[in-house]
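Reviewing the structure listed below.
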Amino acid sequence: MLNFKEVLGYHFVDNTMDELVSEVHSRIAVSEKTFIVTANPEIITYAQSNPFYDEIIKNSDYITPDGIGIVIASKMLGRPLRERLAGFDLMSNLLELSNKEHYRIYLLGTKPDIIDLSASNIKKAFPNIEIVGFHHGYFQSDEKIIKEIQEKQPDLVFVGLGFPKQEKWISDNLPHFAKGVFIGVGGCLNIWAGVSKRAPKLMVNLNLEWLYRLVKEPSRSKRMLAIPLFLSRVFRQ
């Protein structure tokens, strides 16, 4: 069983990565449909200003603290979370689990000429994984994707459409499926494809991954404005 702590009205998983992966493993074992949101300050700030997205986030099965800002906020509010559960690390751990258990994987997102690289590199890293399908994120209709997931019955579906699109897609389409753990993974598919790089391990360990991403992608500066807004709301609370 996982533990939870409330931060700014959202109930975050308050466990270690190993405990979270074990919980996902147990849900896959009984084919229990699961919706996981990997939430950082940008996602929470957006949800607080958009009721439709707020409802989607709160109706998910698990919200994980993907972003050191969430962990800092929890400490400021006197409800300290045990650790940051980064989305890329969660995906990597679940891929490793799938490699051991021969779980079936479906990938959805990124550009048409990139998603096949994501699938190929994941397969190279985890030879025992069965990638039963993948589709780029530039689609006009859900029908083909829904039908393929229904037919292939994957155990894990990684959706990299960026927020809020990926969470909305999961929320809208989850009723169509009989099983599967669905996780919004943002830009993780680009990292697996090799077109984006994750911050060096030292910066990750120092919780400076956000700074690395900002330097590498200056276009993210507008999105980063969500962080001071998020912190101001924490101070007010």
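Chains: A, B, ... in order of the structure tokens. Residues: from 1 per chain. Ligands: from 1, in order shown.
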Test item: residues at most 12 Å from Glu55 (chain A), only C-alpha atoms, excluding those fewer than 3 positions along its chain, as a ChimeraX atom specification: /A:9-10,44,46-52,58-60,164,167-168,171
Residues from the last selection, N, CA, C and O atoms, saved as a PDB file, in the first residue's frame:
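Contents of again-v5.pdb, freshly written:
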```pdb
ATOM      1  N   GLY A   9      -3.708  20.864  -2.090  1.00  0.00           N
ATOM      2  CA  GLY A   9      -4.965  20.245  -2.505  1.00  0.00           C
ATOM      3  C   GLY A   9      -4.815  18.985  -3.339  1.00  0.00           C
ATOM      4  O   GLY A   9      -5.814  18.392  -3.753  1.00  0.00           O
ATOM      5  N   TYR A  10      -3.583  18.557  -3.583  1.00  0.00           N
ATOM      6  CA  TYR A  10      -3.330  17.358  -4.390  1.00  0.00           C
ATOM      7  C   TYR A  10      -2.644  16.301  -3.529  1.00  0.00           C
ATOM      8  O   TYR A  10      -1.725  16.617  -2.776  1.00  0.00           O
ATOM      9  N   ILE A  44       0.938  21.523 -11.768  1.00  0.00           N
ATOM     10  CA  ILE A  44       0.047  21.919 -10.675  1.00  0.00           C
ATOM     11  C   ILE A  44      -0.448  23.354 -10.864  1.00  0.00           C
ATOM     12  O   ILE A  44      -1.634  23.650 -10.651  1.00  0.00           O
ATOM     13  N   TYR A  46      -0.826  24.940 -13.682  1.00  0.00           N
ATOM     14  CA  TYR A  46      -1.807  24.921 -14.773  1.00  0.00           C
ATOM     15  C   TYR A  46      -3.142  24.357 -14.279  1.00  0.00           C
ATOM     16  O   TYR A  46      -4.208  24.890 -14.602  1.00  0.00           O
ATOM     17  N   ALA A  47      -3.078  23.295 -13.499  1.00  0.00           N
ATOM     18  CA  ALA A  47      -4.302  22.677 -12.986  1.00  0.00           C
ATOM     19  C   ALA A  47      -5.082  23.638 -12.093  1.00  0.00           C
ATOM     20  O   ALA A  47      -6.318  23.666 -12.125  1.00  0.00           O
ATOM     21  N   GLN A  48      -4.369  24.432 -11.304  1.00  0.00           N
ATOM     22  CA  GLN A  48      -5.033  25.364 -10.399  1.00  0.00           C
ATOM     23  C   GLN A  48      -5.788  26.455 -11.141  1.00  0.00           C
ATOM     24  O   GLN A  48      -6.701  27.067 -10.586  1.00  0.00           O
ATOM     25  N   SER A  49      -5.419  26.693 -12.388  1.00  0.00           N
ATOM     26  CA  SER A  49      -6.072  27.738 -13.181  1.00  0.00           C
ATOM     27  C   SER A  49      -7.021  27.183 -14.235  1.00  0.00           C
ATOM     28  O   SER A  49      -7.675  27.958 -14.940  1.00  0.00           O
ATOM     29  N   ASN A  50      -7.097  25.878 -14.354  1.00  0.00           N
ATOM     30  CA  ASN A  50      -7.932  25.250 -15.382  1.00  0.00           C
ATOM     31  C   ASN A  50      -8.730  24.110 -14.758  1.00  0.00           C
ATOM     32  O   ASN A  50      -8.207  22.997 -14.581  1.00  0.00           O
ATOM     33  N   PRO A  51      -9.989  24.373 -14.429  1.00  0.00           N
ATOM     34  CA  PRO A  51     -10.815  23.383 -13.716  1.00  0.00           C
ATOM     35  C   PRO A  51     -10.891  22.017 -14.395  1.00  0.00           C
ATOM     36  O   PRO A  51     -10.900  20.995 -13.707  1.00  0.00           O
ATOM     37  N   PHE A  52     -10.937  21.982 -15.725  1.00  0.00           N
ATOM     38  CA  PHE A  52     -11.042  20.683 -16.407  1.00  0.00           C
ATOM     39  C   PHE A  52      -9.807  19.824 -16.127  1.00  0.00           C
ATOM     40  O   PHE A  52      -9.912  18.608 -15.929  1.00  0.00           O
ATOM     41  N   LYS A  58      -6.942  15.185 -10.252  1.00  0.00           N
ATOM     42  CA  LYS A  58      -7.457  14.668  -8.987  1.00  0.00           C
ATOM     43  C   LYS A  58      -8.171  13.331  -9.131  1.00  0.00           C
ATOM     44  O   LYS A  58      -8.322  12.598  -8.153  1.00  0.00           O
ATOM     45  N   ASN A  59      -8.624  13.008 -10.340  1.00  0.00           N
ATOM     46  CA  ASN A  59      -9.301  11.733 -10.562  1.00  0.00           C
ATOM     47  C   ASN A  59      -8.352  10.621 -10.998  1.00  0.00           C
ATOM     48  O   ASN A  59      -8.781   9.487 -11.236  1.00  0.00           O
ATOM     49  N   SER A  60      -7.059  10.930 -11.113  1.00  0.00           N
ATOM     50  CA  SER A  60      -6.086   9.896 -11.454  1.00  0.00           C
ATOM     51  C   SER A  60      -5.890   8.981 -10.247  1.00  0.00           C
ATOM     52  O   SER A  60      -6.294   9.296  -9.123  1.00  0.00           O
ATOM     53  N   PRO A 164      -1.188  19.749 -21.134  1.00  0.00           N
ATOM     54  CA  PRO A 164      -2.208  18.888 -20.513  1.00  0.00           C
ATOM     55  C   PRO A 164      -2.735  17.796 -21.442  1.00  0.00           C
ATOM     56  O   PRO A 164      -3.570  17.011 -21.050  1.00  0.00           O
ATOM     57  N   GLU A 167      -2.471  13.920 -20.292  1.00  0.00           N
ATOM     58  CA  GLU A 167      -3.390  13.532 -19.210  1.00  0.00           C
ATOM     59  C   GLU A 167      -4.837  13.532 -19.692  1.00  0.00           C
ATOM     60  O   GLU A 167      -5.628  12.663 -19.308  1.00  0.00           O
ATOM     61  N   LYS A 168      -5.167  14.502 -20.535  1.00  0.00           N
ATOM     62  CA  LYS A 168      -6.535  14.543 -21.086  1.00  0.00           C
ATOM     63  C   LYS A 168      -6.772  13.324 -21.964  1.00  0.00           C
ATOM     64  O   LYS A 168      -7.858  12.715 -21.909  1.00  0.00           O
ATOM     65  N   SER A 171      -7.285  10.320 -19.692  1.00  0.00           N
ATOM     66  CA  SER A 171      -8.570  10.421 -18.998  1.00  0.00           C
ATOM     67  C   SER A 171      -9.745  10.129 -19.934  1.00  0.00           C
ATOM     68  O   SER A 171     -10.680   9.406 -19.578  1.00  0.00           O
TER      69      SER A 171
END
```
Neighbour list for Phe163 (chain A) as JSON, numbers by chain, cut-off 12 Å, only C-alpha atoms, skip fewer than 4 positions in-chain: {"A": [37, 38, 39, 40, 41, 42, 43, 44, 45, 46, 47, 53, 56, 57, 109, 159, 167, 168, 169, 170, 183, 184, 185, 186, 187, 223]}
Which residues, written as a PyMOL selection string, have at least one atom at most 8 Å from Ile131 (chain A), with only C-alpha atoms counted and residues fewer than 5 positions away on the same chain left out? chain A and resi 104-107+119+123
Please, could you write that set of residues out with N, CA, C and O atoms as an mmCIF file, in the first residue's frame?
```cif
data_model
loop_
_atom_site.group_PDB
_atom_site.id
_atom_site.type_symbol
_atom_site.label_atom_id
_atom_site.label_comp_id
_atom_site.auth_asym_id
_atom_site.auth_seq_id
_atom_site.Cartn_x
_atom_site.Cartn_y
_atom_site.Cartn_z
ATOM 1 N N ARG A 104 4.341 -6.190 -21.692
ATOM 2 C CA ARG A 104 4.063 -5.646 -23.020
ATOM 3 C C ARG A 104 3.957 -4.116 -22.927
ATOM 4 O O ARG A 104 3.269 -3.595 -22.047
ATOM 5 N N ILE A 105 4.607 -3.441 -23.864
ATOM 6 C CA ILE A 105 4.732 -1.991 -23.819
ATOM 7 C C ILE A 105 4.130 -1.345 -25.067
ATOM 8 O O ILE A 105 4.293 -1.854 -26.183
ATOM 9 N N TYR A 106 3.470 -0.203 -24.855
ATOM 10 C CA TYR A 106 2.999 0.624 -25.976
ATOM 11 C C TYR A 106 3.486 2.044 -25.740
ATOM 12 O O TYR A 106 3.421 2.552 -24.609
ATOM 13 N N LEU A 107 3.981 2.679 -26.811
ATOM 14 C CA LEU A 107 4.505 4.040 -26.724
ATOM 15 C C LEU A 107 3.666 4.972 -27.594
ATOM 16 O O LEU A 107 3.388 4.659 -28.763
ATOM 17 N N ALA A 119 11.451 3.586 -29.645
ATOM 18 C CA ALA A 119 11.154 2.156 -29.509
ATOM 19 C C ALA A 119 12.409 1.310 -29.725
ATOM 20 O O ALA A 119 12.682 0.366 -28.967
ATOM 21 N N LYS A 123 14.311 -1.006 -26.876
ATOM 22 C CA LYS A 123 14.482 -2.443 -27.125
ATOM 23 C C LYS A 123 15.950 -2.854 -27.001
ATOM 24 O O LYS A 123 16.261 -3.941 -26.488
#
```
Interatomic distance, CA of Ser118 (chain A) to CA of Asp89 (chain A) (Å, one decimal):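 Computing the Euclidean distance for CA of Ser118 (chain A) and CA of Asp89 (chain A) yields 15.7 Å.
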I'd like the neighbourhood of region 17-34 of chain A as a PyMOL selection string, where a residue qualifies if any of its atoms comes within 12 Å (using only C-alpha atoms), though same-chain residues fewer than 6 positions away should be ignored. chain A and resi 1-4+59-66+82-98+100-105+153-158+170-171+173-184
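Note that the spacing between CA of Ala125 (chain A) and CA of Asp113 (chain A) amounts to 19.8 Å.
For the set A:Asn121, A:Leu108, A:Thr16, A:Lys5, the residue with the smallest atom-to-atom gap to Gly133 (chain A) is A:Leu108, counting only C-alpha atoms.
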Test item: residues at most 8 Å from Pro112 (chain A), only C-alpha atoms, excluding those fewer than 4 positions along its chain, as an NGL selection string: :A and (116 or 135-138)
Could you save those same residues with N, CA, C and O atoms as a CSV table (one decimal), in the first residue's frame?
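Generated output (selection-v8.csv):
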```csv
chain,number,residue,atom,x,y,z
A,116,ASP,N,10.0,5.9,-33.6
A,116,ASP,CA,10.6,4.6,-34.0
A,116,ASP,C,12.0,4.5,-33.3
A,116,ASP,O,12.4,3.4,-32.9
A,135,HIS,N,3.0,4.8,-31.7
A,135,HIS,CA,2.4,5.8,-32.6
A,135,HIS,C,2.9,7.2,-32.2
A,135,HIS,O,3.0,7.5,-31.0
A,136,HIS,N,3.1,8.0,-33.2
A,136,HIS,CA,3.6,9.3,-33.0
A,136,HIS,C,2.4,10.2,-32.4
A,136,HIS,O,1.3,9.7,-32.4
A,137,GLY,N,2.8,11.3,-31.9
A,137,GLY,CA,1.7,12.2,-31.3
A,137,GLY,C,1.0,13.2,-32.2
A,137,GLY,O,0.2,13.9,-31.7
A,138,TYR,N,1.3,13.1,-33.5
A,138,TYR,CA,0.7,14.0,-34.4
A,138,TYR,C,-0.5,13.4,-35.2
A,138,TYR,O,-0.4,13.1,-36.4
```
Would you please give, as a list in words, all residues of region 103-183 of chain A that DSSP assigns to strand (DSSP E) based on the backbone?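 After running DSSP on the backbone, region 103-183 of chain A has strand (DSSP E) at Arg104, Ile105, Tyr106, Leu107, Leu108, Gly109, Glu130, Ile131, Val132, Gly133, Phe134, His135, Leu156, Val157, Phe158, Val159, Gly160, Val181, Phe182 and Ile183 of chain A.
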How would the residues just chosen look if you wrote them out with C-alpha atoms as a short mmCIF file (atom, residue, chain, number, x, y, z; two decimals), in the first residue's frame?
```cif
data_model
loop_
_atom_site.label_atom_id
_atom_site.label_comp_id
_atom_site.auth_asym_id
_atom_site.auth_seq_id
_atom_site.Cartn_x
_atom_site.Cartn_y
_atom_site.Cartn_z
CA ARG A 104 4.06 -5.65 -23.02
CA ILE A 105 4.73 -1.99 -23.82
CA TYR A 106 3.00 0.62 -25.98
CA LEU A 107 4.51 4.04 -26.72
CA LEU A 108 2.49 7.09 -27.78
CA GLY A 109 3.92 10.50 -28.54
CA GLU A 130 7.94 -6.72 -25.89
CA ILE A 131 7.03 -3.42 -27.53
CA VAL A 132 3.68 -4.33 -29.02
CA GLY A 133 3.11 -1.01 -30.73
CA PHE A 134 3.88 2.68 -30.97
CA HIS A 135 2.40 5.76 -32.59
CA LEU A 156 2.16 -0.36 -19.74
CA VAL A 157 1.29 2.59 -21.97
CA PHE A 158 3.71 5.53 -21.91
CA VAL A 159 2.06 8.68 -23.27
CA GLY A 160 4.43 11.49 -24.22
CA VAL A 181 -1.03 1.20 -16.57
CA PHE A 182 -1.13 4.57 -18.36
CA ILE A 183 1.51 7.18 -17.54
#
```
Which value, in Å to one decimal, gives the distance between CA of Cys188 (chain A) and CA of Gly162 (chain A)?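 Calculated distance between CA of Cys188 (chain A) and CA of Gly162 (chain A) is 9.8 Å.
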Return the single residue from A:Ile115, A:Asp172, A:Arg79, A:Asn128 that is closest to Asp142 (chain A), with distances computed using only C-alpha atoms.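 Looking at the shortest contact to Asp142 (chain A), the residue is A:Asp172.
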DSSP alpha helix (DSSP H) residues within region 32-149 of chain A, listed as a PyMOL selection string: chain A and resi 41-49+51-58+68-76+87-101+115-125+143-149
